[in-house]
Amino acid sequence: MFSSNDASKTSEAARRLRRRSNSLLLVLVIGFLFFGAAAGALYYALQPEVLRIAVGPPGSNDHKVVQAMADAFASESRTIRLSPIATEGAVEAIALLGAGKVDLAVGRGDLEMPADAQTVATVRKNFVVLWSPSGLAGQSARRKHGPKIKEIADLAGHRVGVIGRTPANATLLRVILSASGVEVDKVGLSHFGTDHIDELARDLTIDAFMAVGPLDSKITSEAIAATARARGEPKFLPIDTSEAIALKHPRYESEEIPPSVFNAKPAWPDDKVETVSVSHLVVARKTLSEATVAAFFRQLFAIRQAIARQVPGAAHITKPDTEKDAELPVHRGAAAVIDGNERTFLDRYGDYFWFALLLLSGIGSAGAWLRRYLNRDEREENTGHRNRILAMVSSARAAESNQQLLALQGEADAIISETLECYDDGAIEEEELAAFGLVLELLRHAIVERRVELQRAQPETGSRRGDTPQPHAARMIRPGET
């Protein structure tokens, strides 16, 4: 039958085994959680970021360029993807940006922008082209005597046909008229869609025409050619106040239309013409990540030539001017790439690394505390063993026989075995094991010293009790004695 001592030892071994299993399970759970978090973070980091970009109207040059950009990004970019969102026009696209429903938007620079909108790239530069017809032979005398409208000041009392139904063109014309000293109310406006050029050319109530677009715009060239066929050679009207307009309205720029840009023979125009321009921009909110905008900017100019072969309008994409004190500033992500002072990976994420180190340190401290908390029974048991050995030191010094010392030694061996198992399980620290070693060394010395004392006391005890003297204690025989 098992003794109560054997049953206690068996129960203690079972508890120790359960604690060891629980500790191992805890380590496995923490390891799986850490691995899962690391794998999830890596998967998230490797996923390309999708940017929603609003552009309109569908079928316009801007829409075609953005769609080509999205296709090229999907096939070549590993970091950025584009999701085009078609709108009725640039005004609606900018409104979506202001509402926070998109990340990027394409619109004219003279539109009403959100307060935190910033420029990322210039899609194209639109030039204002104003001209009046000279009249054809056979038309009324009013039309035959050459162009009555030779400059913008002559537009008072006449009607201007504006190509494009966007209100931004009408607003721009009013700015030009006002800067040229013409009362805006004295000039009539008629809007024509880009698909109604022939109707525009035949409308005899129109005395001058206005187009806003790139210099190589097919719409502008066709409109000039159509009015020339129907109404006579065009007379291009210079905007002499272009520099003043650019100073008062930073979203416009003073430009020149080069000769023969619309036609070679005859030359349209026959000399350079002063005008103003307004840019179509890719804009983003200031809160959009600097790293995201920088990645988009780099990728855009890396594929610009490729998409220009598909959509010629993409050739007009240019970098914004970071030195110009524009009303719409350049986004810091694009500016960093242009100026060559883009922050490195460590510059951007160095603070996060320090925070991660602090977090890991905190997690390690918490894990150590949790381990000590879970192993508190083993530590208390180790303390009890140490106190028991101290008590055994006193028992060893008072032992009456070698058998008692052997019993103490056996008990100490059992305690040593349990303590080493706790140390292997991580229940006790190395410092605690060192303290245990001190008291164990004290017990060893006590047992050795007591064993020596008992051996020395054995001859005296034997002679008092009439025991046979030991050989080394026998009287030496003197010479001559028998």
# chains A, B, ... in the order shown; residues from 1 in each chain; ligands from 1
$ residues_around --residues "range 114-121 of chain A" --least-positions-apart "4" --cutoff "8 Å" --atoms "only C-alpha atoms" --output "ChimeraX atom specification"
/A:94-95,97-98,281-287,293,297,317-320,328-331,334
$ residues_around --residues "Arg450 in chain A" --least-positions-apart "5" --cutoff "10 Å" --atoms "only C-alpha atoms" --output "PyMOL selection string"
chain A and resi 396-402+405+444-445+455-456
$ atom_distance --atom1 "CA of Phe436 in chain A" --atom2 "CA of Gly410 in chain A"
16.6 Å
$ residues_around --residues "Ala302 in chain A" --least-positions-apart "2" --cutoff "12 Å" --atoms "only C-alpha atoms" --output "MDAnalysis selection string"
chainID A and resid 69 72:73 76:77 295:300 304:308 317:318
$ residues_around --residues "Asn382 in chain A" --least-positions-apart "5" --cutoff "9 Å" --atoms "only C-alpha atoms" --output "count of residues only"
10
$ closest_residue --among "A:Ser221, A:Ser277, A:Asn263, A:Ser254" --to "Asn169 in chain A" --atoms "only C-alpha atoms"
A:Ser277
$ residues_around --residues "Gly89 in chain A" --least-positions-apart "4" --cutoff "8 Å" --atoms "only C-alpha atoms" --output "list of chain:residue names"
A:Val55, A:Gly56, A:Pro57, A:Ala93
$ select_by_dssp --residues "range 166-399 of chain A" --states "strand (DSSP E)" --output "PyMOL selection string"
chain A and resi 188-192+208-213+234-236+252-257+273-285
$ atom_distance --atom1 "CA of Phe236 in chain A" --atom2 "CA of Val187 in chain A"
17.7 Å
$ atom_distance --atom1 "CA of Thr220 in chain A" --atom2 "CA of Asp110 in chain A"
20.0 Å
$ decode --residues "range 85-200 of chain A" --atoms "C-alpha atoms" --output "compact mmCIF listing (two decimals), in the first residue's frame"
# COMPACT_ATOMS: atom_id res chain seq x y z
CA ILE A 85 -15.95 57.25 -60.73
CA ALA A 86 -17.74 58.95 -63.62
CA THR A 87 -19.62 62.18 -62.91
CA GLU A 88 -21.71 64.57 -64.99
CA GLY A 89 -18.85 67.06 -65.06
CA ALA A 90 -15.87 68.54 -63.28
CA VAL A 91 -18.08 70.46 -60.84
CA GLU A 92 -19.66 67.25 -59.62
CA ALA A 93 -16.26 65.56 -59.40
CA ILE A 94 -14.91 68.33 -57.16
CA ALA A 95 -18.07 68.15 -55.06
CA LEU A 96 -17.44 64.44 -54.40
CA LEU A 97 -13.92 65.28 -53.29
CA GLY A 98 -15.21 67.93 -50.92
CA ALA A 99 -17.69 65.45 -49.46
CA GLY A 100 -14.90 62.95 -48.81
CA LYS A 101 -16.43 60.31 -51.10
CA VAL A 102 -13.37 60.07 -53.34
CA ASP A 103 -9.61 60.36 -52.85
CA LEU A 104 -8.81 62.24 -56.06
CA ALA A 105 -10.73 64.36 -58.54
CA VAL A 106 -10.08 65.92 -61.94
CA GLY A 107 -11.33 69.44 -62.50
CA ARG A 108 -10.50 72.87 -63.78
CA GLY A 109 -8.36 75.00 -61.55
CA ASP A 110 -10.84 77.90 -61.61
CA LEU A 111 -13.66 75.88 -60.08
CA GLU A 112 -14.74 76.29 -56.49
CA MET A 113 -12.43 73.93 -54.63
CA PRO A 114 -12.67 72.45 -51.11
CA ALA A 115 -10.74 74.45 -48.56
CA ASP A 116 -8.14 71.70 -48.11
CA ALA A 117 -7.79 70.73 -51.80
CA GLN A 118 -4.24 70.55 -53.16
CA THR A 119 -2.74 69.91 -56.58
CA VAL A 120 -1.21 66.53 -57.41
CA ALA A 121 -0.63 66.80 -61.18
CA THR A 122 -1.62 68.91 -64.18
CA VAL A 123 -3.70 66.93 -66.67
CA ARG A 124 -3.61 69.59 -69.35
CA LYS A 125 -3.51 73.35 -69.89
CA ASN A 126 -6.52 74.95 -71.58
CA PHE A 127 -6.03 78.12 -73.62
CA VAL A 128 -8.74 80.70 -74.21
CA VAL A 129 -9.25 81.28 -77.95
CA LEU A 130 -11.42 84.26 -78.98
CA TRP A 131 -12.09 85.06 -82.65
CA SER A 132 -14.58 86.83 -84.83
CA PRO A 133 -15.55 86.10 -88.48
CA SER A 134 -14.55 88.44 -91.28
CA GLY A 135 -17.58 87.67 -93.45
CA LEU A 136 -17.92 86.09 -96.91
CA ALA A 137 -18.51 87.69 -100.26
CA GLY A 138 -22.22 87.88 -101.02
CA GLN A 139 -23.24 88.34 -97.42
CA SER A 140 -24.81 91.53 -96.13
CA ALA A 141 -22.80 94.74 -96.18
CA ARG A 142 -22.53 94.48 -92.45
CA ARG A 143 -20.58 91.28 -92.94
CA LYS A 144 -18.51 92.23 -96.02
CA HIS A 145 -16.58 95.21 -94.77
CA GLY A 146 -14.22 93.10 -92.72
CA PRO A 147 -14.45 92.16 -89.09
CA LYS A 148 -16.19 94.79 -87.10
CA ILE A 149 -14.83 93.22 -83.92
CA LYS A 150 -11.07 93.69 -83.86
CA GLU A 151 -10.46 93.60 -80.09
CA ILE A 152 -12.20 92.60 -76.92
CA ALA A 153 -13.38 96.15 -76.28
CA ASP A 154 -15.53 95.86 -79.43
CA LEU A 155 -17.57 93.01 -77.95
CA ALA A 156 -19.88 95.42 -76.13
CA GLY A 157 -23.33 95.16 -77.68
CA HIS A 158 -22.58 91.87 -79.41
CA ARG A 159 -23.16 88.20 -78.73
CA VAL A 160 -20.44 85.60 -78.10
CA GLY A 161 -20.93 81.94 -78.84
CA VAL A 162 -19.23 79.87 -76.13
CA ILE A 163 -18.29 76.28 -76.97
CA GLY A 164 -19.04 73.98 -74.04
CA ARG A 165 -21.93 74.19 -71.65
CA THR A 166 -19.90 74.34 -68.45
CA PRO A 167 -20.59 77.52 -66.43
CA ALA A 168 -16.83 77.86 -65.86
CA ASN A 169 -16.35 79.11 -69.46
CA ALA A 170 -18.93 81.84 -69.01
CA THR A 171 -17.30 82.84 -65.72
CA LEU A 172 -13.90 83.04 -67.38
CA LEU A 173 -15.28 85.22 -70.20
CA ARG A 174 -16.76 87.61 -67.66
CA VAL A 175 -13.37 87.89 -65.95
CA ILE A 176 -11.75 88.72 -69.31
CA LEU A 177 -14.43 91.29 -70.21
CA SER A 178 -14.23 92.95 -66.83
CA ALA A 179 -10.42 93.18 -66.94
CA SER A 180 -10.64 94.63 -70.48
CA GLY A 181 -13.00 97.39 -69.41
CA VAL A 182 -16.12 95.93 -71.03
CA GLU A 183 -19.39 95.95 -69.11
CA VAL A 184 -20.36 92.33 -68.72
CA ASP A 185 -24.11 93.03 -69.01
CA LYS A 186 -23.63 94.49 -72.51
CA VAL A 187 -22.28 91.23 -73.93
CA GLY A 188 -24.69 88.42 -74.73
CA LEU A 189 -23.73 84.74 -74.33
CA SER A 190 -24.93 81.66 -76.15
CA HIS A 191 -23.71 78.20 -75.13
CA PHE A 192 -23.24 75.41 -77.65
CA GLY A 193 -22.32 71.82 -76.98
CA THR A 194 -19.18 70.36 -78.48
CA ASP A 195 -21.38 68.34 -80.85
CA HIS A 196 -23.17 71.46 -82.19
CA ILE A 197 -20.26 73.13 -83.98
CA ASP A 198 -22.07 73.43 -87.34
CA GLU A 199 -25.06 75.03 -85.66
CA LEU A 200 -22.71 77.51 -83.99
